[in-house]
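Novice: See entry.txt below, with compact mmCIF, C-alpha atoms.
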```txt
# COMPACT_ATOMS: atom_id res chain seq x y z
CA MET A 1 -63.19 -83.03 16.78
CA GLU A 2 -65.92 -81.42 14.71
CA TRP A 3 -63.66 -78.81 13.13
CA ARG A 4 -61.59 -81.55 11.54
CA LYS A 5 -64.48 -83.01 9.54
CA CYS A 6 -64.64 -82.57 5.81
CA TYR A 7 -68.01 -80.79 5.78
CA LEU A 8 -66.17 -77.46 6.18
CA ASP A 9 -64.32 -78.10 2.93
CA VAL A 10 -67.49 -79.26 1.17
CA VAL A 11 -69.44 -76.13 2.21
CA LEU A 12 -67.00 -73.21 2.51
CA VAL A 13 -64.71 -73.85 -0.48
CA PRO A 14 -67.48 -74.16 -3.13
CA LEU A 15 -69.36 -71.25 -1.51
CA GLY A 16 -66.30 -69.02 -1.74
CA PHE A 17 -65.74 -69.84 -5.40
CA MET A 18 -69.44 -69.41 -6.18
CA ILE A 19 -69.17 -65.85 -4.83
CA THR A 20 -66.16 -65.21 -7.06
CA MET A 21 -67.88 -66.73 -10.10
CA ALA A 22 -71.02 -64.68 -9.43
CA TYR A 23 -68.92 -61.50 -9.39
CA HIS A 24 -67.23 -62.36 -12.68
CA SER A 25 -70.60 -63.18 -14.25
CA PHE A 26 -71.78 -59.72 -13.17
CA LEU A 27 -68.59 -58.18 -14.59
CA TRP A 28 -69.05 -60.01 -17.91
CA HIS A 29 -72.64 -58.77 -18.12
CA LYS A 30 -71.52 -55.18 -17.52
CA VAL A 31 -68.76 -55.45 -20.13
CA ARG A 32 -71.33 -56.67 -22.67
CA THR A 33 -74.10 -54.18 -21.86
CA GLN A 34 -72.32 -51.10 -20.40
CA PRO A 35 -68.67 -51.40 -21.46
CA LEU A 36 -67.68 -47.82 -20.57
CA THR A 37 -68.55 -48.41 -16.92
CA THR A 38 -65.77 -51.03 -16.70
CA ILE A 39 -62.01 -50.80 -17.10
CA ILE A 40 -62.06 -53.73 -19.53
CA GLY A 41 -64.61 -52.11 -21.83
CA THR A 42 -63.01 -48.67 -21.60
CA ASN A 43 -59.59 -50.05 -22.48
CA ALA A 44 -61.04 -52.08 -25.36
CA THR A 45 -62.57 -48.91 -26.83
CA ALA A 46 -59.30 -47.05 -26.36
CA ARG A 47 -57.34 -49.83 -28.08
CA ARG A 48 -59.62 -49.54 -31.10
CA PHE A 49 -58.76 -45.85 -31.43
CA TRP A 50 -55.07 -46.56 -30.78
CA VAL A 51 -54.76 -49.22 -33.49
CA SER A 52 -56.58 -47.00 -35.98
CA ALA A 53 -54.30 -44.04 -35.20
CA ILE A 54 -51.14 -46.16 -35.43
CA MET A 55 -52.07 -47.69 -38.80
CA LYS A 56 -53.11 -44.34 -40.30
CA ASP A 57 -49.76 -42.74 -39.46
CA ASN A 58 -47.58 -45.84 -39.43
CA GLU A 59 -44.40 -44.21 -40.72
CA LYS A 60 -44.19 -41.92 -37.68
CA LYS A 61 -45.63 -44.22 -35.02
CA ASN A 62 -44.30 -47.66 -35.95
CA ILE A 63 -41.62 -47.55 -33.22
CA LEU A 64 -44.26 -46.59 -30.65
CA ALA A 65 -46.39 -49.57 -31.68
CA VAL A 66 -43.47 -52.01 -31.45
CA GLN A 67 -42.38 -50.74 -28.02
CA THR A 68 -45.92 -50.85 -26.62
CA LEU A 69 -46.57 -54.37 -27.87
CA ARG A 70 -43.15 -55.50 -26.65
CA ASN A 71 -44.07 -54.38 -23.13
CA LEU A 72 -47.29 -56.39 -23.36
CA ILE A 73 -45.37 -59.47 -24.46
CA MET A 74 -42.87 -59.04 -21.61
CA GLY A 75 -45.70 -58.87 -19.06
CA SER A 76 -47.38 -62.00 -20.40
CA THR A 77 -44.02 -63.79 -20.58
CA LEU A 78 -43.34 -62.99 -16.92
CA MET A 79 -46.72 -64.34 -15.83
CA ALA A 80 -46.38 -67.44 -18.01
CA THR A 81 -42.90 -68.14 -16.61
CA THR A 82 -44.11 -67.69 -13.03
CA SER A 83 -47.07 -70.02 -13.62
CA ILE A 84 -44.99 -72.81 -15.14
CA LEU A 85 -42.35 -72.53 -12.38
CA LEU A 86 -45.03 -72.82 -9.71
CA SER A 87 -46.51 -75.77 -11.61
CA ALA A 88 -43.13 -77.48 -11.65
CA GLY A 89 -42.73 -76.87 -7.92
CA LEU A 90 -46.18 -78.27 -7.15
CA ALA A 91 -45.51 -81.29 -9.37
CA ALA A 92 -42.33 -81.93 -7.39
CA ILE A 93 -44.26 -81.71 -4.10
CA ILE A 94 -46.97 -84.08 -5.34
CA SER A 95 -44.43 -86.66 -6.51
CA SER A 96 -42.32 -86.35 -3.36
CA THR A 97 -42.44 -89.09 -0.75
CA TYR A 98 -42.26 -86.52 2.06
CA SER A 99 -45.60 -86.12 3.84
CA VAL A 100 -46.23 -82.36 3.84
CA LYS A 101 -49.42 -82.70 5.87
CA LYS A 102 -47.78 -83.82 9.14
CA PRO A 103 -46.53 -80.40 10.33
CA LEU A 104 -49.98 -78.89 9.67
CA ASN A 105 -52.15 -81.50 11.39
CA ASP A 106 -52.66 -79.43 14.54
CA ALA A 107 -53.18 -76.11 12.75
CA VAL A 108 -55.59 -77.02 9.94
CA TYR A 109 -59.37 -76.92 10.22
CA GLY A 110 -61.41 -79.16 7.97
CA ALA A 111 -60.27 -82.38 6.32
CA HIS A 112 -56.52 -82.95 6.01
CA GLY A 113 -56.16 -86.58 5.03
CA GLU A 114 -53.89 -87.81 2.27
CA PHE A 115 -56.63 -87.62 -0.34
CA MET A 116 -57.58 -84.04 0.59
CA ILE A 117 -53.95 -82.90 0.59
CA ALA A 118 -53.46 -84.43 -2.86
CA LEU A 119 -56.68 -82.78 -4.09
CA LYS A 120 -55.50 -79.35 -2.92
CA TYR A 121 -52.15 -79.59 -4.71
CA VAL A 122 -53.60 -81.09 -7.89
CA THR A 123 -56.20 -78.29 -8.05
CA LEU A 124 -53.47 -75.69 -7.63
CA LEU A 125 -51.38 -77.37 -10.31
CA THR A 126 -54.33 -77.35 -12.73
CA ILE A 127 -55.04 -73.65 -12.12
CA PHE A 128 -51.42 -72.66 -12.76
CA LEU A 129 -51.24 -74.80 -15.91
CA PHE A 130 -54.35 -73.14 -17.34
CA SER A 131 -52.92 -69.73 -16.44
CA PHE A 132 -49.72 -70.61 -18.31
CA PHE A 133 -51.76 -71.73 -21.33
CA CYS A 134 -53.78 -68.48 -21.42
CA HIS A 135 -50.69 -66.29 -21.20
CA SER A 136 -48.97 -68.33 -23.91
CA VAL A 137 -51.94 -67.86 -26.25
CA SER A 138 -51.96 -64.14 -25.40
CA ILE A 139 -48.30 -63.88 -26.47
CA ARG A 140 -49.19 -65.59 -29.75
CA PHE A 141 -51.91 -63.06 -30.58
CA VAL A 142 -49.81 -60.03 -29.58
CA ASN A 143 -46.92 -61.33 -31.71
CA GLN A 144 -49.25 -61.45 -34.70
CA VAL A 145 -50.39 -57.89 -34.00
CA ASN A 146 -46.75 -56.80 -33.71
CA ILE A 147 -46.23 -57.75 -37.36
CA LEU A 148 -49.60 -56.85 -38.84
CA ILE A 149 -49.84 -53.39 -37.31
CA ASN A 150 -46.77 -52.33 -39.31
CA THR A 151 -48.00 -53.84 -42.58
CA PRO A 152 -48.04 -51.18 -45.32
CA PRO A 153 -51.52 -50.44 -46.72
CA ASP A 154 -52.45 -52.18 -49.94
CA SER A 155 -55.26 -51.90 -52.47
CA MET A 156 -56.69 -55.29 -51.46
CA CYS A 157 -57.19 -54.13 -47.83
CA ILE A 158 -56.36 -57.59 -46.51
CA VAL A 159 -55.03 -56.29 -43.19
CA THR A 160 -57.47 -53.74 -41.78
CA ALA A 161 -57.55 -51.86 -38.49
CA GLU A 162 -60.62 -53.87 -37.47
CA TYR A 163 -58.82 -57.18 -38.02
CA VAL A 164 -55.75 -56.06 -36.06
CA THR A 165 -57.97 -54.74 -33.26
CA GLU A 166 -59.77 -58.08 -33.09
CA LEU A 167 -56.47 -59.95 -32.70
CA LEU A 168 -55.30 -57.48 -30.05
CA ASP A 169 -58.58 -57.86 -28.15
CA LYS A 170 -58.17 -61.65 -28.18
CA GLY A 171 -54.66 -61.24 -26.78
CA PHE A 172 -55.92 -59.00 -23.98
CA ILE A 173 -58.82 -61.33 -23.21
CA MET A 174 -56.49 -64.30 -22.82
CA ASN A 175 -54.15 -62.18 -20.70
CA THR A 176 -57.04 -61.16 -18.45
CA VAL A 177 -58.25 -64.76 -18.10
CA GLY A 178 -54.72 -65.89 -17.26
CA ASN A 179 -54.41 -63.19 -14.60
CA ARG A 180 -57.79 -64.05 -13.07
CA LEU A 181 -56.80 -67.71 -12.89
CA PHE A 182 -53.58 -66.65 -11.19
CA TYR A 183 -55.62 -64.63 -8.69
CA ALA A 184 -57.85 -67.65 -8.08
CA ALA A 185 -54.77 -69.58 -6.95
CA MET A 186 -54.43 -67.33 -3.88
CA PRO A 187 -57.47 -68.78 -2.07
CA LEU A 188 -56.38 -72.25 -3.14
CA LEU A 189 -52.98 -71.68 -1.56
CA LEU A 190 -54.74 -70.74 1.67
CA TRP A 191 -56.77 -73.95 1.39
CA ILE A 192 -53.66 -75.76 2.58
CA PHE A 193 -54.32 -74.15 5.98
CA GLY A 194 -58.06 -74.82 5.96
CA PRO A 195 -61.32 -73.95 4.18
CA VAL A 196 -62.14 -71.00 6.46
CA LEU A 197 -59.29 -68.94 4.98
CA VAL A 198 -60.46 -69.84 1.46
CA PHE A 199 -63.90 -68.41 2.13
CA LEU A 200 -62.55 -65.27 3.82
CA CYS A 201 -60.08 -64.67 0.97
CA CYS A 202 -62.79 -65.03 -1.70
CA VAL A 203 -65.08 -62.63 0.14
CA THR A 204 -62.24 -60.11 0.55
CA MET A 205 -61.15 -60.31 -3.10
CA VAL A 206 -64.57 -59.38 -4.50
CA PRO A 207 -64.64 -55.72 -3.28
CA VAL A 208 -60.96 -55.35 -4.18
CA LEU A 209 -61.56 -56.57 -7.74
CA TYR A 210 -64.71 -54.44 -7.98
CA ASN A 211 -62.69 -51.29 -7.29
CA LEU A 212 -60.13 -52.36 -9.90
CA ASP A 213 -62.63 -53.35 -12.60
CA PHE A 214 -65.14 -50.50 -12.63
CA VAL A 215 -64.88 -46.83 -13.62
CA PHE A 216 -66.30 -44.46 -11.03
CA GLY A 217 -67.52 -40.93 -11.80
CA SER A 218 -69.23 -39.47 -14.86
CA SER A 219 -66.25 -37.25 -15.68
CA ALA A 220 -64.06 -40.24 -16.51
CA LYS A 221 -66.68 -41.66 -18.86
CA GLY A 222 -67.17 -38.28 -20.45
CA LYS A 223 -63.46 -37.98 -21.24
CA MET A 224 -63.55 -41.41 -22.82
CA ASN A 225 -66.48 -40.50 -25.05
CA VAL A 226 -65.02 -37.20 -26.25
CA HIS A 227 -61.36 -37.99 -26.76
CA GLY A 228 -61.15 -41.75 -26.77
CA GLU A 229 -57.68 -41.53 -25.23
CA ARG A 230 -58.14 -42.78 -21.71
CA ASP A 231 -56.15 -45.75 -20.36
CA PHE A 232 -54.48 -47.27 -23.40
CA VAL A 233 -52.76 -49.91 -21.31
```
In structure tokens, write the structure found in this file.

Specialist:
Amino acid sequence: MEWRKCYLDVVLVPLGFMITMAYHSFLWHKVRTQPLTTIIGTNATARRFWVSAIMKDNEKKNILAVQTLRNLIMGSTLMATTSILLSAGLAAIISSTYSVKKPLNDAVYGAHGEFMIALKYVTLLTIFLFSFFCHSVSIRFVNQVNILINTPPDSMCIVTAEYVTELLDKGFIMNTVGNRLFYAAMPLLLWIFGPVLVFLCCVTMVPVLYNLDFVFGSSAKGKMNVHGERDFV
């Protein structure tokens, strides 16, 4: 049967991920050139104002800073825990002697031999492990910010608002990369049922992510430029 040949996996799976990578390349270009048109750039600008305001009036806002950063750490911890649990589950499936491909033989398009099944699970495992790594590094940076943002000012100016903002930006970047890797695992999970679903999922995710990543309307950008208080999260 033609639909069971591996050419579907060779064509549709790379094509779907090329579409996703092309979108993220476009997003990266917009963040670098027109940051206020994207949620990532807008939030980065807002964080710069937030860190500066917190460190200028630290005696009154130190509790606010600790609570906000604690919520960020809790979110990254949840994602890191989920990623490592899924990795452990996939590792157990890979090492199991039970053949998970047999119940799916009649329902899966594309290649579904032992090698292809192993490739699907190993790819998923790798994605989840990298997501766990990114979230762990994000927690490290945010923990550093949690201490430094409450450092009393000194004459040497060792800890500045710019330095703390840079650490916080690194934490958010790693958190974003970890989340995007986690999102990338969704098409890979559907790959178990065939390459057609992988391609359809990648194509569907691009407009969804576009609506989540970009700021629409000039009024929103105007508020960001005047007050610098939009979307601190």

Novice: Do a neighbour search on Val137 of chain A at 12 Å with all atoms listed in the file, toss out local chain neighbours closer than 6 positions, and write the hits as a ChimeraX atom specification.

Specialist: /A:73,76-77,80,130-131,143-144,167-168,170-178

Novice: Quick one: distance from atom CA of Asn62 of chain A to atom CA of Arg48 of chain A in Å, one decimal?

Specialist: 16.2 Å

Novice: Give me the residues near Leu119 of chain A as a PyMOL selection string, where near means some atom within 12 Å (using all atoms listed in the file) and where sequence neighbours in that chain fewer than 3 positions away do not count.

Specialist: chain A and resi 9+90+94+111-116+122-126+188-189+191-192

Novice: Can you pull out every residue within 10 Å of Met205 of chain A, counting only C-alpha atoms, but drop anything in the same chain fewer than 4 positions away, and send it as a list in words?

Specialist: Ile19, Thr20, Tyr183, Ala184, Met186, Pro187, Leu200, Cys201, Leu209 and Tyr210 of chain A

Novice: So the first atom is atom CA of Thr82 of chain A and the second is atom CA of Glu166 of chain A; what is the distance between them in Å, to one decimal place?

Specialist: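 Separation of atom CA of Thr82 of chain A and atom CA of Glu166 of chain A: 27.2 Å.
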
Novice: Between atom CA of Val66 of chain A and atom CA of Ser83 of chain A, what distance in Å does the model show, to one decimal?

Specialist: 25.6 Å

Novice: With all atoms listed in the file as the atoms that count, which of A:Asn211, A:Thr33, A:Asn71, A:Asn58 lies nearest to Thr151 of chain A?

Specialist: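 Nearest to Thr151 of chain A: A:Asn58.
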
Novice: Find, counting all atoms listed in the file, the residue in A:Ile158, A:Val51, A:Ile117, A:Val142 that gets nearest to Cys6 of chain A.

Specialist: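 Checking each candidate against Cys6 of chain A, we get A:Ile117 as the closest.
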
Novice: Taking into account all atoms listed in the file, which residue in the set A:Gly75, A:Tyr23, A:Leu181, A:Met18 is nearest to Pro207 of chain A?

Specialist: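 Once distances to Pro207 of chain A are computed over all atoms listed in the file, the minimum belongs to A:Tyr23.
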
Novice: Around all the atoms of segment 191-210 of chain A listed in the file, with 3 Å of room on each side, what axis-aligned box do you get, giving centre and edge lengths in Å to one decimal, as AutoDock Vina command-line options?

Specialist:
```
--center_x -59.4 --center_y -65.1 --center_z -0.8 --size_x 17.4 --size_y 27.3 --size_z 20.4
```

Novice: For a quick check of understanding, using all atoms listed in the file, which of A:Phe141, A:Tyr7, A:Phe26, A:Trp50 has the smallest distance to Glu162 of chain A?

Specialist: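 Of all the options, A:Trp50 lies closest to Glu162 of chain A.
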
Novice: Which polymer residues have any atom within 12 Å of an atom of Lys56 of chain A, counting all atoms listed in the file, with same-chain residues fewer than 2 positions away left out, as a list in words?

Specialist: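 Residues meeting the cut-off are Phe49, Trp50, Val51, Ser52, Ala53, Ile54, Asn58, Glu59, Lys60, Lys61, Asn62, Ile149, Asn150, Thr151, Pro152, Pro153, Thr160 and Ala161 of chain A.
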
Novice: Using all atoms listed in the file, find the one residue out of A:Ile40, A:Leu148, A:Ala65, A:Ile93 that sits nearest to Asp169 of chain A.

Specialist: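 Checking each of A:Ile40, A:Leu148, A:Ala65, A:Ile93 against Asp169 of chain A, counting all atoms listed in the file, the winner is A:Ile40.
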